[in-house]
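The block underneath contains the structure these notes are about, expressed in structure tokens.
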Amino acid sequence: MEKVRLIGKGREVGFTIGKIIRDFLPDLPEDIDRERVNTFKNMVEDVAPHWLEEIDGFSEATGIKEESILNFNCEKRKPPENISKECTSFLIMPDRSKENTPLLLKIRDERPLHQIAGIKKIEGSYKYIFGTNAGNIGIAHFLNEYGLAGANNTGSPVISGIKDIGFNDCHIMRIVAEKARDCREALDIIKGLINKGYVSNAGYKRGMIFLFVDNNEGLRVELTSEKLSYEFVNKGIFLYTNHFLLDEMQDIIDKEMAQKVGKSSRIRFSRGKQLIENAGEKIGIEDLMRFSKDTENLPYSLCNPSDKFPWRTLSAFIHKICGEESCSFISNGAPVYTDYFKLNIKEEETPLFLLTDYKLFT
């Protein structure tokens with residue numbers, strides 16, 4: 001199996017990734033909002049300057065200008081259509097896990113863009129397993145070398161805490177992956193970003209949802225650019241689709257818009273609870289793999305590979321937290337069609353096929 005090393009200085013890693021995936025990049029908008037790009041770039045330079053080094057190497061390898069990459073990562077959000085179809089996540093704590101260790105499943109729904117996955121470490125930051133789409137400097141989930149895992153979901157439509165420029169949920173996910181050793185540090189990082197005014201939204205006027213878990217505890221977080229609510233957990237099973245569940249966030253939900261765009265979220269949440277109940281007292285990796293392939297209620301299903309909506313299921317990842325043996329099971333494609341591949345956090349090379357062999361299914 002051919003492998004590639006995504007570990008080193010930012011520019012080196014960026015050049016390596018760019019050279020491999022340059023033929024899989026989306027068409028980037030030609031119109032550049034330079035004022036917007038500069039605002040976003042200043043935030044990146046303050047919090048994660050090595051990202052700019054990575055973009056520099058990526059730009060050299062692909063021939064795409066730095067400002068175009070930054071523009072793609074801070075593009076203005078558009079109002080939603082009548083249906084909104086996004087991610088689903090399950091957190092299984094040890095008391096309910098067949099593995100006796102925490103498990104985190106993220107089923108990713110996004111625009112039909114080329115997906116990449118692998119192991120990455122830029123000098124000065126922590127090593128992590130990741131998944132994202134080509135051109136996105138953020139990530140959709142992670143497992144890092146300290147045994148901290150995270151997944152992000154789009155949250156409820158909101159009436160306050162709306163900010164169109166800043167770090168979205170994928171950017172925040174990467175910042176946490178590279179800097180946090182546990183759930184407590186993850187929460188402190190997110191609070192710090194809110195205090196700096198660097199947090200935007202996950203979609204058009206939408207909040208964000210994060211699930212984190214380490215070797216000792218779990219954490220669920222719901223937030224806007226201004227407000228945050230959270231809960232540390234030690235036992236149980238936690239399911240999220242795309243609406244807020246914590247009491248403190250209910251008063252800022254745009255109820256009218258939630259009713260308009262939330263059909264899929266409600267149906268998937270109900271189906272997820274049904275799958276949990278049917279699985280019994282304990283849930284394991286095989287169960288989560290089965291959940292990720294579930295097409296009941298298609299296209300409002302946990303796994304929706306169809307082209308019914310602008311969004312569709314693109315991948316799924318299961319992170320198992322068990323110290324030095326922590327690992328990820330990666331389905332880099334619609335899980336109903338794509339086998340899982342195991343990657344251990346101790347490894348330092350990425351199988352090349354996780355960067356190049358992505359296929360869309362309809």
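If you're wondering about the labels, chains in the structure tokens are A, B, ... by order shown, residues count from 1 in each chain, ligands from 1 in order shown.
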
Backbone-only DSSP, strand (DSSP E) members of range 222-314 of chain A, as a compact mmCIF listing (two decimals) with N, CA and C atoms, in the first residue's frame:
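File out_16.txt, as written:
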```
# COMPACT_ATOMS: atom_id res chain seq x y z
N GLU A 222 -22.98 23.57 22.56
CA GLU A 222 -23.82 24.25 21.60
C GLU A 222 -23.50 25.74 21.67
N LEU A 223 -23.35 26.39 20.54
CA LEU A 223 -22.94 27.79 20.58
C LEU A 223 -23.36 28.58 19.35
N LEU A 228 -22.68 30.40 24.54
CA LEU A 228 -22.22 29.02 24.60
C LEU A 228 -22.90 28.31 25.76
N SER A 229 -23.32 27.08 25.51
CA SER A 229 -23.83 26.22 26.57
C SER A 229 -23.15 24.86 26.45
N TYR A 230 -22.88 24.21 27.57
CA TYR A 230 -22.15 22.95 27.51
C TYR A 230 -22.51 22.05 28.67
N GLU A 231 -22.16 20.78 28.51
CA GLU A 231 -22.38 19.79 29.56
C GLU A 231 -21.29 18.72 29.48
N PHE A 232 -20.60 18.50 30.61
CA PHE A 232 -19.66 17.38 30.69
C PHE A 232 -20.45 16.12 31.05
N VAL A 233 -20.07 15.00 30.44
CA VAL A 233 -20.81 13.75 30.66
C VAL A 233 -19.83 12.62 30.95
N ILE A 237 -25.43 7.66 26.30
CA ILE A 237 -25.33 7.78 24.85
C ILE A 237 -25.92 9.13 24.45
N PHE A 238 -25.25 9.81 23.55
CA PHE A 238 -25.69 11.14 23.13
C PHE A 238 -25.74 11.20 21.61
N LEU A 239 -26.87 11.67 21.12
CA LEU A 239 -27.14 11.74 19.68
C LEU A 239 -27.39 13.18 19.29
N TYR A 240 -26.78 13.61 18.19
CA TYR A 240 -27.06 14.94 17.65
C TYR A 240 -27.28 14.85 16.15
N ARG A 312 -25.32 15.78 0.63
CA ARG A 312 -25.51 14.33 0.66
C ARG A 312 -24.46 13.71 1.59
N THR A 313 -24.64 12.45 1.95
CA THR A 313 -23.67 11.78 2.82
C THR A 313 -22.40 11.50 2.03
N LEU A 314 -21.28 11.99 2.56
CA LEU A 314 -20.00 11.89 1.87
C LEU A 314 -19.01 10.96 2.56
```

Residue contacts of Phe90 in chain A (12 Å, only C-alpha atoms) excluding same-chain residues fewer than 2 positions away, as a PyMOL selection string: chain A and resi 87-88+92-93+96-97+102-108+150-153+210-213+218+220+236-241+268-269+272-273+275-276+283-285+287-289+291-292+302+316-319

Enumerate the residues of range 13-223 of chain A with a DSSP assignment of helix (DSSP H, G or I), computed from the backbone, and present them as a count of residues only. 76

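Close contacts of Ile55 in chain A, defined as residues with an atom at most 9 Å away when counting only C-alpha atoms, with chain neighbours fewer than 2 positions off set aside, comprise A:Gly10, A:Arg11, A:Gly14, A:Phe15, A:Gly18, A:His50, A:Trp51, A:Leu52, A:Glu53, A:Gly57, A:Phe58, A:Ser59, A:Glu60, A:Lys65, A:Glu66, A:Ile69, A:Leu70, A:Ile137.
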
Write to file, as an mmCIF file, in the first residue's frame, the residues of the selection just made, with N, CA and C atoms.
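As a result, again_20.cif now contains:
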```cif
data_model
loop_
_atom_site.group_PDB
_atom_site.id
_atom_site.type_symbol
_atom_site.label_atom_id
_atom_site.label_comp_id
_atom_site.auth_asym_id
_atom_site.auth_seq_id
_atom_site.Cartn_x
_atom_site.Cartn_y
_atom_site.Cartn_z
ATOM 1 N N GLY A 10 4.716 23.573 8.135
ATOM 2 C CA GLY A 10 3.473 23.885 7.456
ATOM 3 C C GLY A 10 3.592 23.928 5.947
ATOM 4 N N ARG A 11 4.628 24.585 5.466
ATOM 5 C CA ARG A 11 4.785 24.734 4.021
ATOM 6 C C ARG A 11 5.029 23.385 3.345
ATOM 7 N N GLY A 14 1.691 21.458 3.313
ATOM 8 C CA GLY A 14 0.801 22.068 2.335
ATOM 9 C C GLY A 14 1.183 21.724 0.909
ATOM 10 N N PHE A 15 2.486 21.742 0.619
ATOM 11 C CA PHE A 15 2.955 21.412 -0.731
ATOM 12 C C PHE A 15 2.645 19.948 -1.065
ATOM 13 N N GLY A 18 -1.123 19.568 -1.623
ATOM 14 C CA GLY A 18 -1.499 20.238 -2.862
ATOM 15 C C GLY A 18 -1.094 19.465 -4.101
ATOM 16 N N HIS A 50 0.536 28.870 11.348
ATOM 17 C CA HIS A 50 1.075 27.782 10.520
ATOM 18 C C HIS A 50 0.107 27.398 9.409
ATOM 19 N N TRP A 51 -1.182 27.757 9.556
ATOM 20 C CA TRP A 51 -2.117 27.519 8.460
ATOM 21 C C TRP A 51 -1.717 28.328 7.227
ATOM 22 N N LEU A 52 -1.245 29.541 7.462
ATOM 23 C CA LEU A 52 -0.839 30.389 6.332
ATOM 24 C C LEU A 52 0.411 29.814 5.662
ATOM 25 N N GLU A 53 1.297 29.229 6.453
ATOM 26 C CA GLU A 53 2.464 28.558 5.876
ATOM 27 C C GLU A 53 2.020 27.368 5.036
ATOM 28 N N GLY A 57 2.487 26.695 0.827
ATOM 29 C CA GLY A 57 2.979 25.505 0.135
ATOM 30 C C GLY A 57 1.925 24.911 -0.783
ATOM 31 N N PHE A 58 0.683 24.907 -0.328
ATOM 32 C CA PHE A 58 -0.434 24.402 -1.132
ATOM 33 C C PHE A 58 -0.581 25.234 -2.404
ATOM 34 N N SER A 59 -0.451 26.532 -2.251
ATOM 35 C CA SER A 59 -0.566 27.442 -3.394
ATOM 36 C C SER A 59 0.520 27.177 -4.426
ATOM 37 N N GLU A 60 1.738 26.950 -3.968
ATOM 38 C CA GLU A 60 2.832 26.659 -4.897
ATOM 39 C C GLU A 60 2.583 25.366 -5.665
ATOM 40 N N LYS A 65 -3.865 30.939 -6.024
ATOM 41 C CA LYS A 65 -3.389 32.022 -5.179
ATOM 42 C C LYS A 65 -3.896 31.862 -3.742
ATOM 43 N N GLU A 66 -3.070 32.331 -2.812
ATOM 44 C CA GLU A 66 -3.425 32.273 -1.391
ATOM 45 C C GLU A 66 -4.770 32.929 -1.130
ATOM 46 N N ILE A 69 -7.743 30.711 -1.890
ATOM 47 C CA ILE A 69 -7.966 29.657 -0.899
ATOM 48 C C ILE A 69 -8.628 30.246 0.346
ATOM 49 N N LEU A 70 -8.127 31.397 0.801
ATOM 50 C CA LEU A 70 -8.720 32.047 1.962
ATOM 51 C C LEU A 70 -10.148 32.488 1.662
ATOM 52 N N ILE A 137 -9.525 24.404 4.813
ATOM 53 C CA ILE A 137 -8.421 24.391 5.775
ATOM 54 C C ILE A 137 -8.892 23.913 7.147
#
```

Polymer residues at most 12 Å from Arg111 in chain A, only C-alpha atoms, same-chain spacing of 2 or more positions, as a PDB file with C-alpha atoms, in the first residue's frame:
```
ATOM      1  CA  PRO A  26     -13.454  22.469  -6.637  1.00  0.00           C
ATOM      2  CA  SER A  84     -31.476  21.423   5.188  1.00  0.00           C
ATOM      3  CA  LYS A  85     -29.565  18.132   5.251  1.00  0.00           C
ATOM      4  CA  GLU A  86     -26.464  17.909   7.377  1.00  0.00           C
ATOM      5  CA  CYS A  87     -24.469  15.679   9.733  1.00  0.00           C
ATOM      6  CA  ARG A 108     -20.764  13.704   7.319  1.00  0.00           C
ATOM      7  CA  ASP A 109     -23.197  15.369   4.927  1.00  0.00           C
ATOM      8  CA  LEU A 113     -16.872  17.792  -2.976  1.00  0.00           C
ATOM      9  CA  HIS A 114     -13.819  15.510  -3.053  1.00  0.00           C
ATOM     10  CA  GLN A 115     -13.166  14.207   0.481  1.00  0.00           C
ATOM     11  CA  THR A 132     -12.394  17.127   5.319  1.00  0.00           C
ATOM     12  CA  ASN A 133     -13.067  18.250   1.761  1.00  0.00           C
ATOM     13  CA  ALA A 134     -10.358  19.345  -0.654  1.00  0.00           C
ATOM     14  CA  PRO A 305     -26.054   9.115  -0.930  1.00  0.00           C
ATOM     15  CA  SER A 306     -28.727  10.448  -3.300  1.00  0.00           C
ATOM     16  CA  ASP A 307     -28.610  13.733  -5.190  1.00  0.00           C
ATOM     17  CA  LYS A 308     -32.064  14.764  -3.957  1.00  0.00           C
ATOM     18  CA  PHE A 309     -30.611  17.739  -2.085  1.00  0.00           C
ATOM     19  CA  PRO A 310     -27.537  19.962  -2.593  1.00  0.00           C
ATOM     20  CA  TRP A 311     -26.068  18.069   0.395  1.00  0.00           C
ATOM     21  CA  ARG A 312     -25.507  14.326   0.659  1.00  0.00           C
ATOM     22  CA  THR A 313     -23.671  11.784   2.816  1.00  0.00           C
ATOM     23  CA  LEU A 314     -19.999  11.888   1.867  1.00  0.00           C
ATOM     24  CA  SER A 315     -18.201   9.913   4.587  1.00  0.00           C
ATOM     25  CA  LEU A 360     -19.346  10.074  -5.222  1.00  0.00           C
TER      26      LEU A 360
END
```

Excluding Glu123 in chain A and its own-chain neighbours fewer than 4 positions away, which residues fall within 8 Å of it when counting only C-alpha atoms? Please give them as an NGL selection string. :A and (7-10)

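Distances here use only C-alpha atoms; by that measure, the residue among A:Asp23, A:Asp247, A:Glu2, A:Asp294 closest to Leu354 in chain A is A:Glu2.
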
Between range 37-125 of chain A and range 178-187 of chain A, at 10 Å or less, what are the per-residue closest atom pairs and their distances in Å? Count only C-alpha atoms, order by chain and rising residue number, and return it as a tab-separated table.
```
residue	atom	partner	partner_atom	distance
A:Ala48	CA	A:Glu178	CA	9.3
A:Lys120	CA	A:Glu178	CA	9.6
A:Lys121	CA	A:Glu178	CA	8.0
A:Ile122	CA	A:Glu178	CA	8.6
A:Gly124	CA	A:Glu178	CA	8.7
A:Ser125	CA	A:Glu178	CA	5.0
```

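Checking A:Pro157, A:Ser264, A:Asp339, A:Val176 one by one against Asp188 in chain A, counting only C-alpha atoms, you find the shortest gap at A:Val176.
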
If we count only C-alpha atoms and set the cut-off at 8 Å, which residues sit around Asn304 in chain A, ignoring sequence neighbours fewer than 4 positions away in its own chain? Please answer as a VMD selection string. chain A and resid 295 298 to 300 312 to 313 334

Selected residues written out, N, CA and C atoms, as a PDB file, in the first residue's frame:
```pdb
ATOM      1  N   THR A 295     -30.381   3.635   5.640  1.00  0.00           N
ATOM      2  CA  THR A 295     -31.062   4.458   4.630  1.00  0.00           C
ATOM      3  C   THR A 295     -32.569   4.526   4.857  1.00  0.00           C
ATOM      4  N   LEU A 298     -35.095   7.409   3.468  1.00  0.00           N
ATOM      5  CA  LEU A 298     -34.390   8.082   2.376  1.00  0.00           C
ATOM      6  C   LEU A 298     -35.340   9.045   1.650  1.00  0.00           C
ATOM      7  N   PRO A 299     -34.954  10.288   1.357  1.00  0.00           N
ATOM      8  CA  PRO A 299     -33.620  10.865   1.522  1.00  0.00           C
ATOM      9  C   PRO A 299     -33.369  11.518   2.881  1.00  0.00           C
ATOM     10  N   TYR A 300     -34.337  11.429   3.812  1.00  0.00           N
ATOM     11  CA  TYR A 300     -34.137  12.014   5.133  1.00  0.00           C
ATOM     12  C   TYR A 300     -33.506  10.979   6.058  1.00  0.00           C
ATOM     13  N   ARG A 312     -25.324  15.776   0.625  1.00  0.00           N
ATOM     14  CA  ARG A 312     -25.507  14.326   0.659  1.00  0.00           C
ATOM     15  C   ARG A 312     -24.457  13.710   1.594  1.00  0.00           C
ATOM     16  N   THR A 313     -24.635  12.455   1.952  1.00  0.00           N
ATOM     17  CA  THR A 313     -23.671  11.784   2.816  1.00  0.00           C
ATOM     18  C   THR A 313     -22.395  11.502   2.031  1.00  0.00           C
ATOM     19  N   ALA A 334     -19.737   7.408   0.838  1.00  0.00           N
ATOM     20  CA  ALA A 334     -21.013   7.028   1.443  1.00  0.00           C
ATOM     21  C   ALA A 334     -20.864   5.638   2.055  1.00  0.00           C
TER      22      ALA A 334
END
```
